[in-house]
Every structure is written in C-alpha cells, then in structure tokens.
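Student: Have a look at this one before I ask anything.
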Amino acid sequence: MAAALSFDQATLHSQKLIIPVRYVASGAILQTTSTAMSPEAVHVRAERPPKPGLLVGLKLYFDGGEEIARGGVVSWVTAGANSGFWARFNEEDATKDRVVAVLARYRAANDRGCKRFMKLALLPALGTVVDLDVSMPGQDVPDSIQAFVVHVAPNRGVGLQFIGASDVFRAHVEEYLGVLSR
C-alpha cells in the first residue's frame, strides 16, 4: 500500500479544512470532523481510527447543505493531538471533479477559525478528548458524544471538534441550526 500523504507543515496548513464528516468502517458509523482535505484525500479525526488498508465510506458536509459521498481506503493513522486517519479517495470515484470545485469555492468563501464556543463549568485542557451529554432546546434526552478540545477561552468556553457522535446527534444539531437561521 502506498504510504500516507506528506505531513510537512506547509502541506498540512495548505490542506487545513474543518468540516463535518460521517464515516462507515467495519460496520461502525460515526459523525466526526476533518482537519485537512485535498482532492485526493481527507484527514478525519478519530479517537480509535480504523486500520490502514480498510475501506471506508465517507460523507463530507459543506456549508449550505452541500454533501459529497466518497469511498476511500485508510492510508495512514495519526496519533497525538491530531489523532485520526488519512483516507485516500477511490480513483474510480466519479465525484473527484465535484470535490475539486467544492474545495475551491469553500476555501475562497470561508475563514474556518473557531467562532463558536461551548460554555462548560470546568474548562478541560487543550488537546484532550471529552465525553459530553449535549441537549438542544426542546430535547428530552441528551446525546452522548466525544469531542476534541481545539480551543480554550476563559469566560467564553471551549472550541470543540466532534469525533464520536451518532446520526441522531447530527440530526438534532441540524434541526437546531435550522431554527436559529430562521
């Protein structure tokens, strides 16, 4: 199997892209986020990433409701503060041109700094994984999720990248954001 994409800082910075990602691997379905993406591959956050060589199904969610489904192969597993995996998209996938176009539009239109914070009573350390029970307004039973702490801002809260959530949680978030945008 071909080794991973380049991990030099310039390449990682140029490919940085944080978007919601749903992946299916070995029967498990997880809602998480990306940290970097190119037309050939995506880096997906995961506390327990799938093994190299495993086929994964990916759904990439962009602003404005645009979604792209692609298949790929886990080419490299990362550890530490950026734990997860690189998935190289399938070459025969007919959506490659669409990904190139969406990435160009998306990068031109978005400065993806952390703009939203979650208030917590105790602030966890930067780079840690937290287990949270999250309820949206009107929701009776909270969703249990995992998230990476990517920003800590005293008096504001924490910036999170969701890494272990269900399709139900994603639906709750989408419904809540839809109410806010009206």
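Simple scheme: letters A, B, ... for chains in structure tokens order, numbers from 1 for residues in each chain, numbers from 1 for ligands in the order shown.
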Identify, on the basis of only C-alpha atoms, every residue whose closest approach to region 164-180 of chain A does not exceed 9 Å; exclude the query and any residue fewer than 3 positions from it along the same chain; express the result as a ChimeraX atom specification.
Tutor: /A:22,29-32,46-47,131,134-137,139,142-147
Student: Just the selected residues (all heavy atoms), exported as a CSV table (one decimal), in the first residue's frame, please.
Tutor:
```csv
chain,number,residue,atom,x,y,z
A,22,ARG,N,-19.0,12.1,8.1
A,22,ARG,CA,-19.6,10.8,8.6
A,22,ARG,C,-18.8,9.7,7.9
A,22,ARG,O,-18.6,9.8,6.7
A,22,ARG,CB,-21.1,10.8,8.2
A,22,ARG,CG,-21.8,9.5,8.5
A,22,ARG,CD,-23.2,9.5,7.9
A,22,ARG,NE,-24.0,8.4,8.5
A,22,ARG,CZ,-24.3,7.3,7.8
A,22,ARG,NH1,-23.7,7.0,6.7
A,22,ARG,NH2,-25.1,6.4,8.4
A,29,ILE,N,-20.6,3.3,12.4
A,29,ILE,CA,-21.0,4.6,11.8
A,29,ILE,C,-20.7,5.7,12.8
A,29,ILE,O,-21.2,5.7,13.9
A,29,ILE,CB,-22.5,4.7,11.4
A,29,ILE,CG1,-22.8,3.5,10.4
A,29,ILE,CG2,-22.8,6.0,10.8
A,29,ILE,CD1,-24.2,3.4,10.1
A,30,LEU,N,-19.8,6.7,12.4
A,30,LEU,CA,-19.5,7.8,13.3
A,30,LEU,C,-19.6,9.1,12.6
A,30,LEU,O,-19.2,9.3,11.5
A,30,LEU,CB,-18.1,7.6,13.9
A,30,LEU,CG,-17.9,6.6,15.0
A,30,LEU,CD1,-16.4,6.5,15.3
A,30,LEU,CD2,-18.7,7.1,16.2
A,31,GLN,N,-20.1,10.1,13.4
A,31,GLN,CA,-20.1,11.5,12.9
A,31,GLN,C,-18.9,12.1,13.6
A,31,GLN,O,-18.7,12.0,14.8
A,31,GLN,CB,-21.4,12.2,13.4
A,31,GLN,CG,-22.6,11.8,12.7
A,31,GLN,CD,-22.8,12.3,11.3
A,31,GLN,OE1,-22.1,13.2,10.9
A,31,GLN,NE2,-23.7,11.7,10.6
A,32,THR,N,-18.0,12.8,12.8
A,32,THR,CA,-16.8,13.4,13.3
A,32,THR,C,-16.5,14.6,12.5
A,32,THR,O,-17.4,15.2,12.0
A,32,THR,CB,-15.7,12.3,13.3
A,32,THR,OG1,-14.5,12.9,13.9
A,32,THR,CG2,-15.4,11.8,12.0
A,46,ALA,N,-10.4,10.9,14.8
A,46,ALA,CA,-11.0,9.7,15.4
A,46,ALA,C,-10.1,9.3,16.6
A,46,ALA,O,-8.9,9.3,16.5
A,46,ALA,CB,-11.0,8.6,14.4
A,47,GLU,N,-10.8,9.1,17.7
A,47,GLU,CA,-10.0,8.6,18.9
A,47,GLU,C,-9.5,7.2,18.6
A,47,GLU,O,-8.4,6.8,19.1
A,47,GLU,CB,-10.9,8.7,20.1
A,47,GLU,CG,-10.1,8.4,21.4
A,47,GLU,CD,-10.9,8.5,22.6
A,47,GLU,OE1,-12.2,8.5,22.6
A,47,GLU,OE2,-10.3,8.7,23.7
A,131,ASP,N,-15.9,13.6,27.0
A,131,ASP,CA,-17.2,12.9,26.9
A,131,ASP,C,-18.3,13.9,27.4
A,131,ASP,O,-18.2,14.5,28.5
A,131,ASP,CB,-17.3,11.7,27.7
A,131,ASP,CG,-16.3,10.6,27.3
A,131,ASP,OD1,-16.4,10.3,26.1
A,131,ASP,OD2,-15.6,10.0,28.1
A,134,VAL,N,-25.0,16.3,25.5
A,134,VAL,CA,-25.5,17.5,24.9
A,134,VAL,C,-27.0,17.5,24.7
A,134,VAL,O,-27.4,16.5,24.0
A,134,VAL,CB,-24.7,17.8,23.6
A,134,VAL,CG1,-25.2,19.1,23.0
A,134,VAL,CG2,-23.2,17.9,23.9
A,135,SER,N,-27.7,18.5,25.1
A,135,SER,CA,-29.1,18.6,24.8
A,135,SER,C,-29.4,19.9,24.1
A,135,SER,O,-28.9,21.0,24.5
A,135,SER,CB,-29.9,18.7,26.1
A,135,SER,OG,-29.9,17.4,26.8
A,136,MET,N,-30.1,19.8,23.0
A,136,MET,CA,-30.5,21.0,22.3
A,136,MET,C,-31.9,21.5,22.9
A,136,MET,O,-32.6,20.6,23.5
A,136,MET,CB,-30.8,20.7,20.8
A,136,MET,CG,-29.6,20.1,20.1
A,136,MET,SD,-28.3,21.3,20.0
A,136,MET,CE,-26.9,20.2,19.7
A,137,PRO,N,-32.2,22.7,22.8
A,137,PRO,CA,-33.5,23.2,23.3
A,137,PRO,C,-34.7,22.3,22.8
A,137,PRO,O,-34.7,22.0,21.7
A,137,PRO,CB,-33.6,24.6,22.8
A,137,PRO,CG,-32.2,25.1,22.7
A,137,PRO,CD,-31.5,23.8,22.2
A,139,GLN,N,-35.1,19.2,23.6
A,139,GLN,CA,-34.7,17.8,23.6
A,139,GLN,C,-34.8,17.2,25.0
A,139,GLN,O,-34.3,17.8,25.9
A,139,GLN,CB,-33.3,17.7,23.0
A,139,GLN,CG,-32.8,16.3,22.8
A,139,GLN,CD,-31.4,16.3,22.2
A,139,GLN,OE1,-30.9,17.3,21.7
A,139,GLN,NE2,-30.7,15.2,22.4
A,142,PRO,N,-30.5,13.8,26.5
A,142,PRO,CA,-29.2,14.3,25.9
A,142,PRO,C,-28.5,13.3,25.0
A,142,PRO,O,-28.7,12.0,25.2
A,142,PRO,CB,-28.4,14.7,27.1
A,142,PRO,CG,-28.9,13.8,28.2
A,142,PRO,CD,-30.3,13.6,27.9
A,143,ASP,N,-27.8,13.7,24.0
A,143,ASP,CA,-27.0,12.9,23.2
A,143,ASP,C,-25.6,12.8,23.8
A,143,ASP,O,-25.0,13.8,24.2
A,143,ASP,CB,-26.8,13.5,21.8
A,143,ASP,CG,-28.1,13.5,21.0
A,143,ASP,OD1,-28.6,12.4,20.7
A,143,ASP,OD2,-28.5,14.6,20.6
A,144,SER,N,-25.0,11.6,23.9
A,144,SER,CA,-23.7,11.4,24.5
A,144,SER,C,-22.7,11.4,23.3
A,144,SER,O,-22.9,10.6,22.3
A,144,SER,CB,-23.6,10.0,25.2
A,144,SER,OG,-24.4,10.1,26.3
A,145,ILE,N,-21.7,12.3,23.4
A,145,ILE,CA,-20.8,12.4,22.3
A,145,ILE,C,-19.4,12.5,22.8
A,145,ILE,O,-19.2,12.7,24.0
A,145,ILE,CB,-21.1,13.7,21.4
A,145,ILE,CG1,-20.9,15.0,22.3
A,145,ILE,CG2,-22.5,13.6,20.8
A,145,ILE,CD1,-20.8,16.2,21.5
A,146,GLN,N,-18.4,12.4,21.9
A,146,GLN,CA,-17.0,12.7,22.3
A,146,GLN,C,-16.5,13.8,21.4
A,146,GLN,O,-17.0,14.0,20.2
A,146,GLN,CB,-16.1,11.5,22.0
A,146,GLN,CG,-16.3,10.4,23.0
A,146,GLN,CD,-15.3,9.2,22.7
A,146,GLN,OE1,-15.1,8.8,21.6
A,146,GLN,NE2,-14.7,8.8,23.8
A,147,ALA,N,-15.6,14.6,21.9
A,147,ALA,CA,-15.1,15.8,21.2
A,147,ALA,C,-13.6,16.0,21.6
A,147,ALA,O,-13.2,15.8,22.7
A,147,ALA,CB,-15.9,17.0,21.4
```
Student: At what distance in Å, to one decimal, does CA of Val141 (chain A) lie from CA of Val24 (chain A)?
Tutor: 25.0 Å
Student: Hey, what's within 7 Å of region 72-86 of chain A if we count only C-alpha atoms and toss same-chain stuff fewer than 4 positions away? As a short mmCIF file (atom, residue, chain, number, x, y, z; two decimals) with all heavy atoms, in the first residue's frame, please?
Tutor:
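Result saved to around20.cif:
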```
data_model
loop_
_atom_site.label_atom_id
_atom_site.label_comp_id
_atom_site.auth_asym_id
_atom_site.auth_seq_id
_atom_site.Cartn_x
_atom_site.Cartn_y
_atom_site.Cartn_z
N ALA A 3 2.20 4.75 1.02
CA ALA A 3 2.25 5.41 2.32
C ALA A 3 1.36 6.64 2.29
O ALA A 3 0.70 6.93 1.30
CB ALA A 3 3.69 5.78 2.66
N ALA A 4 1.38 7.37 3.36
CA ALA A 4 0.48 8.50 3.54
C ALA A 4 0.88 9.71 2.72
O ALA A 4 1.92 9.74 2.09
CB ALA A 4 0.46 8.87 5.00
N ALA A 41 -7.52 13.15 -0.85
CA ALA A 41 -7.61 12.51 0.46
C ALA A 41 -8.19 13.47 1.49
O ALA A 41 -8.26 14.67 1.28
CB ALA A 41 -6.23 12.05 0.91
N VAL A 42 -8.58 12.88 2.64
CA VAL A 42 -9.09 13.66 3.76
C VAL A 42 -8.50 13.10 5.04
O VAL A 42 -8.29 11.89 5.17
CB VAL A 42 -10.64 13.62 3.81
CG1 VAL A 42 -11.17 12.22 4.00
CG2 VAL A 42 -11.20 14.57 4.86
N HIS A 43 -8.18 13.99 5.99
CA HIS A 43 -7.78 13.56 7.32
C HIS A 43 -9.01 13.69 8.22
O HIS A 43 -9.62 14.75 8.30
CB HIS A 43 -6.64 14.40 7.90
CG HIS A 43 -6.21 13.89 9.24
ND1 HIS A 43 -6.69 14.41 10.42
CD2 HIS A 43 -5.38 12.87 9.58
CE1 HIS A 43 -6.16 13.74 11.44
NE2 HIS A 43 -5.37 12.80 10.96
N VAL A 44 -9.37 12.58 8.87
CA VAL A 44 -10.57 12.50 9.69
C VAL A 44 -10.15 12.31 11.15
O VAL A 44 -9.34 11.44 11.46
CB VAL A 44 -11.45 11.32 9.23
CG1 VAL A 44 -12.70 11.20 10.09
CG2 VAL A 44 -11.84 11.49 7.76
N ARG A 45 -10.72 13.12 12.04
CA ARG A 45 -10.46 12.98 13.47
C ARG A 45 -11.12 11.70 13.97
O ARG A 45 -12.27 11.42 13.66
CB ARG A 45 -11.06 14.13 14.25
CG ARG A 45 -10.34 15.42 14.10
CD ARG A 45 -9.37 15.57 15.21
NE ARG A 45 -8.97 16.97 15.30
CZ ARG A 45 -8.07 17.39 16.13
NH1 ARG A 45 -7.49 16.54 16.96
NH2 ARG A 45 -7.72 18.64 16.16
N ALA A 46 -10.40 10.94 14.78
CA ALA A 46 -10.97 9.74 15.38
C ALA A 46 -10.11 9.34 16.57
O ALA A 46 -8.89 9.31 16.48
CB ALA A 46 -11.01 8.58 14.38
N GLU A 47 -10.76 9.06 17.68
CA GLU A 47 -10.03 8.60 18.85
C GLU A 47 -9.53 7.18 18.65
O GLU A 47 -8.44 6.82 19.05
CB GLU A 47 -10.89 8.69 20.10
CG GLU A 47 -10.10 8.38 21.36
CD GLU A 47 -10.91 8.53 22.62
OE1 GLU A 47 -12.15 8.45 22.57
OE2 GLU A 47 -10.28 8.72 23.68
N PRO A 49 -9.11 5.20 15.39
CA PRO A 49 -9.22 5.16 13.93
C PRO A 49 -9.20 3.74 13.38
O PRO A 49 -8.65 2.83 14.01
CB PRO A 49 -7.99 5.93 13.46
CG PRO A 49 -7.04 5.90 14.59
CD PRO A 49 -7.85 5.78 15.84
N LYS A 51 -8.03 0.68 10.85
CA LYS A 51 -6.68 0.24 10.48
C LYS A 51 -6.35 0.58 9.04
O LYS A 51 -7.23 0.60 8.17
CB LYS A 51 -6.55 -1.26 10.68
CG LYS A 51 -6.61 -1.68 12.12
CD LYS A 51 -6.46 -3.18 12.23
CE LYS A 51 -6.27 -3.70 13.57
NZ LYS A 51 -6.87 -3.63 14.69
N PRO A 52 -5.06 0.84 8.74
CA PRO A 52 -4.65 1.08 7.36
C PRO A 52 -5.08 -0.08 6.46
O PRO A 52 -5.05 -1.24 6.86
CB PRO A 52 -3.13 1.18 7.45
CG PRO A 52 -2.89 1.66 8.85
CD PRO A 52 -3.95 0.99 9.68
N GLY A 53 -5.50 0.27 5.25
CA GLY A 53 -5.93 -0.71 4.28
C GLY A 53 -7.43 -0.97 4.29
O GLY A 53 -7.97 -1.56 3.36
N LEU A 54 -8.12 -0.50 5.33
CA LEU A 54 -9.55 -0.73 5.45
C LEU A 54 -10.32 0.21 4.52
O LEU A 54 -10.00 1.39 4.42
CB LEU A 54 -10.00 -0.51 6.89
CG LEU A 54 -11.41 -0.95 7.24
CD1 LEU A 54 -11.54 -2.48 7.13
CD2 LEU A 54 -11.76 -0.53 8.65
N LEU A 55 -11.33 -0.32 3.85
CA LEU A 55 -12.22 0.51 3.03
C LEU A 55 -13.16 1.28 3.95
O LEU A 55 -13.69 0.71 4.91
CB LEU A 55 -13.04 -0.36 2.08
CG LEU A 55 -12.26 -1.10 1.02
CD1 LEU A 55 -13.17 -2.07 0.27
CD2 LEU A 55 -11.58 -0.15 0.06
N VAL A 56 -13.37 2.56 3.65
CA VAL A 56 -14.29 3.39 4.44
C VAL A 56 -15.23 4.13 3.50
O VAL A 56 -14.85 4.51 2.39
CB VAL A 56 -13.55 4.41 5.34
CG1 VAL A 56 -12.80 3.72 6.45
CG2 VAL A 56 -12.63 5.31 4.55
N GLY A 57 -16.46 4.29 3.96
CA GLY A 57 -17.42 5.14 3.26
C GLY A 57 -17.43 6.49 3.96
O GLY A 57 -17.46 6.55 5.19
N ASN A 90 -11.10 6.84 -3.49
CA ASN A 90 -11.03 5.88 -4.58
C ASN A 90 -10.83 6.63 -5.91
O ASN A 90 -11.51 7.61 -6.17
CB ASN A 90 -12.30 5.05 -4.66
CG ASN A 90 -12.47 4.15 -3.47
OD1 ASN A 90 -11.51 3.80 -2.80
ND2 ASN A 90 -13.70 3.77 -3.18
N GLY A 127 -6.46 19.97 23.66
CA GLY A 127 -5.97 18.72 23.09
C GLY A 127 -6.52 17.46 23.74
O GLY A 127 -6.20 16.37 23.30
#
```
Student: Between CA of Arg156 (chain A) and CA of Lys119 (chain A), what distance in Å does the model show, to one decimal?
Tutor: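 Atom-to-atom, CA of Arg156 (chain A) to CA of Lys119 (chain A), that is 6.2 Å.
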Student: What is the CA of Pro20 (chain A)-CA of Phe162 (chain A) distance in Å, reported with one decimal?
Tutor: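 Rounded to one decimal, the two atoms are 8.2 Å apart.
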